[in-house]
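Undergrad: Below you will find the structure I want to go over with you.
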Amino acid sequence: MNNTIYAINGPVIKIRDTKDFAMREMVYVGNKHLIGEVIGVNDSATTIQVYENTAGLKIGEEVEGTGGPMSVTLGPGIISNIFDGIARPLTEMKKTDGVFVTEGSDIPTVDPNREFDVTVLVKVGDELSAGQIYAECPESPLITNRVMVPPSIKNCKVTFAAADGKYKPDDTIIRVDVNGEEVPLTLCQKWPIRTPRPVAKRIPINTPLITGQRVLDTIVPVAKGGAAAIPGGFGTGKTMTQHQIAKWCDADIIVYIGCGERGNEMTQVLEEFGELIDPKSGKHLTDRTVLIANTSNMPVAAREASIYTGITIAEYYRDMGYDIAIMADSTSRWAEALREISGRLEEMPAEEGYPAYLPSRLAEFYERAGNCSVLSGKRGSVTIIGAVSPAGSDFSEPVTQNTKRFVRCFIALDKQLAYARHYPAINWLTSYSEYIPEFEEFYEKNVGEDFLAVRQEIYNILVEENRLLEIVKLIGSDVLPDDQKLILETAKVIRVGFLQQNAFHKDDTYVPMDKQLEMMRTILLLNKRSVEAVKRGVAVSDILKTGLFDKLTKIKYEISNDHLEKFAEIDKEIESVISALGQ
């Protein structure tokens, strides 16, 4: 049958009178072999969305089917690479096609000519099943690629095993017998991007993702295997917050998806990550990072694919037993791509022009996060942290509201805090984390038995400050009694000395959990002793003259991360100075 184009509307094309294509099938469009995907089939026309620029495409050009869904090749060589939205390596593309993405570039995701030192872990006669590891090869100085039996092969027997040595990604490592048929297995496998990779079972979430950012680790912790959203208006620091999490969090691998963001932001990510040294290993951060760059000037349909490409790569490494953190920046641009394509398809719009299926697409994405027992018997996790860019900082718009339904951690950025140069500009009152009760055992064992009690006391002071500030706006602070003035002063120390953090200071850019706890204990000790002094009749002004409140505001810089014993000296000073007042 002659499958030729009869209508072109931006990235959406149509073919008339054909039954050759399946829903969600990957196709090659036109003379340039543009990559596309079937998104609509009926008896009169087949609708395809094209993931590349359709400028120059003509009526009458042919469309070829591939017989399979939109898939990504998974194998060694993905780590420390940068890809476009449909998993083509941009560094390789630059060598052949120049600095701009060229339509129809057929560059494989995994370099077929690169050799890896492979250690084969099985022998002839071994029984294998889906997800089991049969070989290993170092992919970067930090990450070992564990080569797994594809999930589609349930049970098999090894009939051939290669010797240890150097192999290319497409070389046969083992051959297995599957129901009487001999199947060769290489270092690579393919997987459809819209289908979640299977796991043995989901495990309850009970461990926080440690980021070294005090407001996150203490006030709104994200879970390993959880889902979090970072909504915020223009200039509030969404990208920088994600950068900080990506740099310092204790995930094994970072997948950073730049979805419809400015090209200079992605350049900054590349440059920063290339220079940064991983604090855990002393190696370059890029040795455990995958970047997917689909900038605002790239084809709009590929934005939609980039999210699925990134989560599929994350699940692949999760199945090896790694903890993965995905930074999706930004899901709003992805939703805008859905809206644009929906408009071209002439679908009935829902709220603010977004398609009616926006909530289900967001759910599909965020539900692929999880803490899992994988098929190989190991434990792995995928944590999703998605930035949301509501126009005019309006959190009532559809993307923010629907995202809120599918995440359990909401990290709200505040433009007032950003304008006041309070970074990270996370509003501690409108943000929330539903994971905190599940971390109780972790905190008791690894941080301190009193961590949650101390955190709650700190949070209560911030809530009380917010209530008092409403009164101050009406009648001024002079009329407040001394105990309430003290709350305002203590809250100021918490805000400026604890929640505010300097990403450019060597000791403040990353703060371990034990130092965070010591800082909170010291602030609360000062508050407790000051309350006792006020009850003895000491004026708040006299307490402030001691300089202790100012000292605690700067303590984050003055006590380094590896000299926590100095907190005991500060505590002694607080006890002696405050007890001497009013004597």
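We label chains A, B, ... in the order they appear in the structure tokens, count residues from 1 in each chain, and number ligands from 1 in the order shown.
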So which residues touch Phe439 in chain A within 9 Å, counting only C-alpha atoms, skipping near sequence neighbours fewer than 4 positions away, as a count of residues only?
TA: 8
Undergrad: Please list as a list in words every residue within 10 Å of Ile570 in chain A, counting only C-alpha atoms and excluding residues in the same chain fewer than 2 positions away.
TA: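 Close residues of Ile570 in chain A: Thr522, Leu526, Leu548, Lys551, Leu552, Ile555, Glu565, Lys566, Phe567, Ala568, Lys572, Glu573, Ile574 and Glu575 of chain A.
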Undergrad: Write out, as JSON lines, each residue of range 313-378 of chain A that has an atom at most 10 Å from range 8-22 of chain A, together with the closest pair of atoms and their distance in Å to one decimal, counting only C-alpha atoms, rows going by chain and rising number.
TA:
```
{"residue": "A:Glu340", "atom": "CA", "partner": "A:Pro11", "partner_atom": "CA", "distance": 9.7}
{"residue": "A:Ile341", "atom": "CA", "partner": "A:Val12", "partner_atom": "CA", "distance": 7.3}
{"residue": "A:Ser342", "atom": "CA", "partner": "A:Val12", "partner_atom": "CA", "distance": 9.8}
{"residue": "A:Arg344", "atom": "CA", "partner": "A:Asn9", "partner_atom": "CA", "distance": 6.7}
{"residue": "A:Leu345", "atom": "CA", "partner": "A:Val12", "partner_atom": "CA", "distance": 7.5}
```
Undergrad: Give me, as a PyMOL selection string, all polymer residues having an atom no more than 8 Å from Pro112 in chain A, counting only C-alpha atoms and skipping those fewer than 2 positions away in the same chain.
TA: chain A and resi 108+110+114+168-170
Undergrad: Take the residues that were just selected and, keeping C-alpha atoms, output them as a tab-separated table (two decimals), in the first residue's frame.
TA:
```tsv
chain	number	residue	atom	x	y	z
A	108	PRO	CA	22.69	5.33	17.70
A	110	VAL	CA	25.09	3.74	22.34
A	114	ARG	CA	33.41	1.83	21.80
A	168	LYS	CA	31.67	-3.69	21.66
A	169	PRO	CA	28.02	-3.07	22.65
A	170	ASP	CA	26.62	-5.23	19.82
```
Undergrad: Would you kindly return, as a count of residues only, each protein, DNA or RNA residue with an atom no farther than 8 Å from any atom of range 359-372 of chain A, considering only C-alpha atoms and excluding same-chain residues fewer than 2 positions away?
TA: 28
Undergrad: Please, what distance in Å, to one decimal, runs between CA of Thr312 in chain A and CA of Ser296 in chain A?
TA: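 Computing it gives 22.0 Å between the two atoms.
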Undergrad: If you count only C-alpha atoms, which residues fall within 6 Å of Leu291 in chain A, apart from same-chain ones fewer than 3 positions away, as a PyMOL selection string?
TA: chain A and resi 82+255-256
Undergrad: I need the chosen residues saved as a PDB file, in the first residue's frame, with all heavy atoms.
TA:
```pdb
ATOM      1  N   ILE A  82      25.298  13.243  26.765  1.00  0.00           N
ATOM      2  CA  ILE A  82      24.182  14.188  26.648  1.00  0.00           C
ATOM      3  C   ILE A  82      23.400  13.854  25.392  1.00  0.00           C
ATOM      4  O   ILE A  82      23.975  13.663  24.317  1.00  0.00           O
ATOM      5  CB  ILE A  82      24.668  15.660  26.644  1.00  0.00           C
ATOM      6  CG1 ILE A  82      23.490  16.609  26.412  1.00  0.00           C
ATOM      7  CG2 ILE A  82      25.776  15.905  25.635  1.00  0.00           C
ATOM      8  CD1 ILE A  82      23.804  18.066  26.672  1.00  0.00           C
ATOM      9  N   VAL A 255      19.776  11.757  36.532  1.00  0.00           N
ATOM     10  CA  VAL A 255      19.283  11.951  35.161  1.00  0.00           C
ATOM     11  C   VAL A 255      18.647  13.333  35.110  1.00  0.00           C
ATOM     12  O   VAL A 255      17.636  13.574  35.769  1.00  0.00           O
ATOM     13  CB  VAL A 255      18.262  10.864  34.755  1.00  0.00           C
ATOM     14  CG1 VAL A 255      17.744  11.124  33.348  1.00  0.00           C
ATOM     15  CG2 VAL A 255      18.886   9.475  34.836  1.00  0.00           C
ATOM     16  N   TYR A 256      19.280  14.244  34.375  1.00  0.00           N
ATOM     17  CA  TYR A 256      18.804  15.632  34.320  1.00  0.00           C
ATOM     18  C   TYR A 256      18.122  15.858  32.975  1.00  0.00           C
ATOM     19  O   TYR A 256      18.751  15.741  31.928  1.00  0.00           O
ATOM     20  CB  TYR A 256      19.979  16.601  34.490  1.00  0.00           C
ATOM     21  CG  TYR A 256      19.562  18.010  34.813  1.00  0.00           C
ATOM     22  CD1 TYR A 256      19.606  18.503  36.113  1.00  0.00           C
ATOM     23  CD2 TYR A 256      19.082  18.862  33.809  1.00  0.00           C
ATOM     24  CE1 TYR A 256      19.193  19.797  36.414  1.00  0.00           C
ATOM     25  CE2 TYR A 256      18.669  20.147  34.105  1.00  0.00           C
ATOM     26  CZ  TYR A 256      18.723  20.607  35.404  1.00  0.00           C
ATOM     27  OH  TYR A 256      18.305  21.889  35.688  1.00  0.00           O
TER      28      TYR A 256
END
```
Undergrad: Please produce, as JSON lines, a per-residue contact table for range 277-326 of chain A versus range 29-38 of chain A (criterion: any atom at most 12 Å away, only C-alpha atoms considered), showing the nearest atom pair and its distance in Å to one decimal, sorted by chain then residue number.
TA:
```
{"residue": "A:Pro299", "atom": "CA", "partner": "A:Ile35", "partner_atom": "CA", "distance": 11.5}
{"residue": "A:Ala301", "atom": "CA", "partner": "A:Gly36", "partner_atom": "CA", "distance": 9.3}
{"residue": "A:Ala302", "atom": "CA", "partner": "A:Gly36", "partner_atom": "CA", "distance": 9.5}
{"residue": "A:Glu304", "atom": "CA", "partner": "A:Glu37", "partner_atom": "CA", "distance": 11.5}
{"residue": "A:Ala305", "atom": "CA", "partner": "A:Glu37", "partner_atom": "CA", "distance": 10.0}
```
Undergrad: Name the residues of range 181-255 of chain A that come out as alpha helix (DSSP H) in a backbone DSSP run; write them as a ChimeraX atom specification.
TA: /A:214,238-248
Undergrad: So that I can check the surroundings of Val220 in chain A, please list as a compact mmCIF listing (two decimals) with N, CA, C and O atoms, in the first residue's frame every protein, DNA and RNA residue that reaches within 8 Å of it, counting only C-alpha atoms and ignoring chain neighbours fewer than 5 positions away.
TA:
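And here is the file that came out, out-v6.txt:
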```txt
# COMPACT_ATOMS: atom_id res chain seq x y z
N VAL A 215 16.85 23.36 54.46
CA VAL A 215 15.40 23.53 54.40
C VAL A 215 14.74 22.28 53.82
O VAL A 215 13.62 21.92 54.19
N CYS A 409 5.48 15.39 48.08
CA CYS A 409 6.38 16.43 48.60
C CYS A 409 6.23 17.65 47.70
O CYS A 409 6.46 17.57 46.48
N PHE A 410 5.83 18.76 48.27
CA PHE A 410 5.53 19.99 47.52
C PHE A 410 6.47 21.08 48.01
O PHE A 410 6.34 21.56 49.14
N ILE A 411 7.45 21.44 47.17
CA ILE A 411 8.49 22.39 47.57
C ILE A 411 8.19 23.73 46.88
O ILE A 411 8.63 23.98 45.76
N TRP A 428 8.57 27.87 53.75
CA TRP A 428 8.46 26.77 54.72
C TRP A 428 7.03 26.56 55.20
O TRP A 428 6.75 25.52 55.79
N SER A 431 5.05 24.93 51.77
CA SER A 431 5.63 23.65 51.35
C SER A 431 5.24 22.57 52.36
O SER A 431 4.97 22.86 53.52
N TYR A 432 5.24 21.33 51.90
CA TYR A 432 4.95 20.22 52.83
C TYR A 432 5.55 18.93 52.30
O TYR A 432 5.84 18.79 51.11
N SER A 433 5.79 18.00 53.22
CA SER A 433 6.23 16.65 52.86
C SER A 433 5.41 15.65 53.66
O SER A 433 5.35 15.73 54.89
```
Undergrad: For range 530-547 of chain A, please output as a PyMOL selection string all residues within 7 Å (counting only C-alpha atoms; exclusion window: fewer than 3 positions along the same chain).
TA: chain A and resi 482-483+486+526-527+550-551+578+581-582
Undergrad: For CA of Gly310 in chain A and CA of Ile193 in chain A, determine how far apart the two atoms are, in Å to one decimal place.
TA: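 So the answer is 8.6 Å.
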Undergrad: Range 130-379 of chain A: which residues are strand (DSSP E or B) by DSSP, as a compact mmCIF listing (two decimals) with C-alpha atoms, in the first residue's frame?
TA:
```txt
# COMPACT_ATOMS: atom_id res chain seq x y z
CA ILE A 133 22.84 -10.08 35.65
CA TYR A 134 25.09 -12.11 33.32
CA ALA A 135 28.01 -9.69 32.79
CA GLU A 136 29.56 -6.48 34.15
CA CYS A 137 31.65 -3.71 32.62
CA PRO A 138 32.91 -0.38 34.04
CA THR A 144 29.57 -0.34 36.75
CA ASN A 145 27.10 -1.40 34.07
CA ARG A 146 25.41 -4.65 35.09
CA VAL A 147 24.29 -6.39 31.91
CA MET A 148 20.86 -7.96 32.45
CA ASN A 155 13.40 -18.28 31.57
CA CYS A 156 16.39 -19.50 29.60
CA LYS A 157 19.51 -21.67 29.70
CA VAL A 158 23.02 -20.51 28.77
CA THR A 159 24.37 -22.39 25.71
CA PHE A 160 27.41 -20.16 25.08
CA ALA A 161 29.38 -17.74 27.28
CA GLY A 165 37.75 -9.34 27.56
CA LYS A 166 37.07 -6.24 25.49
CA TYR A 167 33.76 -6.18 23.61
CA ILE A 174 26.14 -15.13 25.78
CA ARG A 175 23.65 -17.24 23.87
CA VAL A 176 20.63 -18.69 25.60
CA ASP A 177 18.06 -21.33 24.80
CA VAL A 178 14.52 -19.93 24.94
CA GLU A 181 15.34 -21.32 20.07
CA GLU A 182 18.89 -19.99 20.50
CA VAL A 183 18.90 -16.25 21.23
CA PRO A 184 22.11 -14.12 21.32
CA LEU A 185 22.40 -11.53 24.11
CA GLN A 189 18.70 -4.13 25.02
CA LYS A 190 15.78 -2.07 23.67
CA TRP A 191 12.80 -0.90 25.66
CA PRO A 192 9.65 1.08 24.67
CA LYS A 201 7.74 -5.73 43.96
CA ARG A 202 7.48 -2.24 45.37
CA PRO A 208 15.05 10.30 52.85
CA ALA A 223 12.07 10.36 49.88
CA ALA A 227 8.01 12.10 43.89
CA ALA A 228 8.38 15.83 44.53
CA ALA A 229 7.36 19.00 42.73
CA ILE A 230 9.18 22.35 42.82
CA PRO A 231 6.71 25.02 41.62
CA ILE A 253 23.05 8.41 39.38
CA ILE A 254 21.47 11.72 38.27
CA VAL A 255 19.28 11.95 35.16
CA TYR A 256 18.80 15.63 34.32
CA ILE A 257 16.04 16.35 31.78
CA GLY A 258 16.08 19.88 30.35
CA CYS A 259 12.61 19.94 28.85
CA ILE A 277 33.94 17.04 41.98
CA HIS A 284 33.92 14.28 38.35
CA THR A 289 25.19 11.91 35.34
CA VAL A 290 23.03 11.57 32.21
CA LEU A 291 21.81 14.78 30.54
CA ILE A 292 18.83 14.99 28.22
CA ALA A 293 18.67 18.39 26.53
CA ASN A 294 15.53 19.36 24.69
CA ASP A 323 19.36 4.77 43.39
CA ILE A 324 18.45 7.27 40.65
CA ALA A 325 17.32 10.89 41.00
CA ILE A 326 15.56 12.51 38.05
CA MET A 327 15.48 16.30 37.69
CA ALA A 328 12.73 17.22 35.21
CA ASP A 329 13.03 20.90 34.30
CA PRO A 349 -9.58 21.77 25.19
CA PRO A 355 -5.93 18.67 26.94
CA GLY A 370 9.37 4.12 43.38
CA ASN A 371 11.52 2.13 45.78
CA CYS A 372 11.64 -1.40 44.36
CA SER A 373 12.94 -4.90 44.71
CA ARG A 379 17.05 -3.00 45.60
```
Undergrad: To one decimal in Å, tell me the separation between CA of Val122 in chain A and CA of Tyr322 in chain A.
TA: 21.4 Å
Undergrad: Nearest to Met26 in chain A: which of A:Ser376, A:Thr54, A:Gln401, A:Thr66 is it, counting only C-alpha atoms?
TA: A:Thr66
Undergrad: Between A:Gln132, A:Thr186, A:Ser105, A:Ser152, which one has atoms that come closest to Pro76 in chain A, using only C-alpha atoms?
TA: A:Thr186
Undergrad: Go through A:Asp450, A:Glu139, A:Glu265, A:Asp43 and flag the residue nearest Arg288 in chain A, using only C-alpha atoms for the distances.
TA: A:Glu139
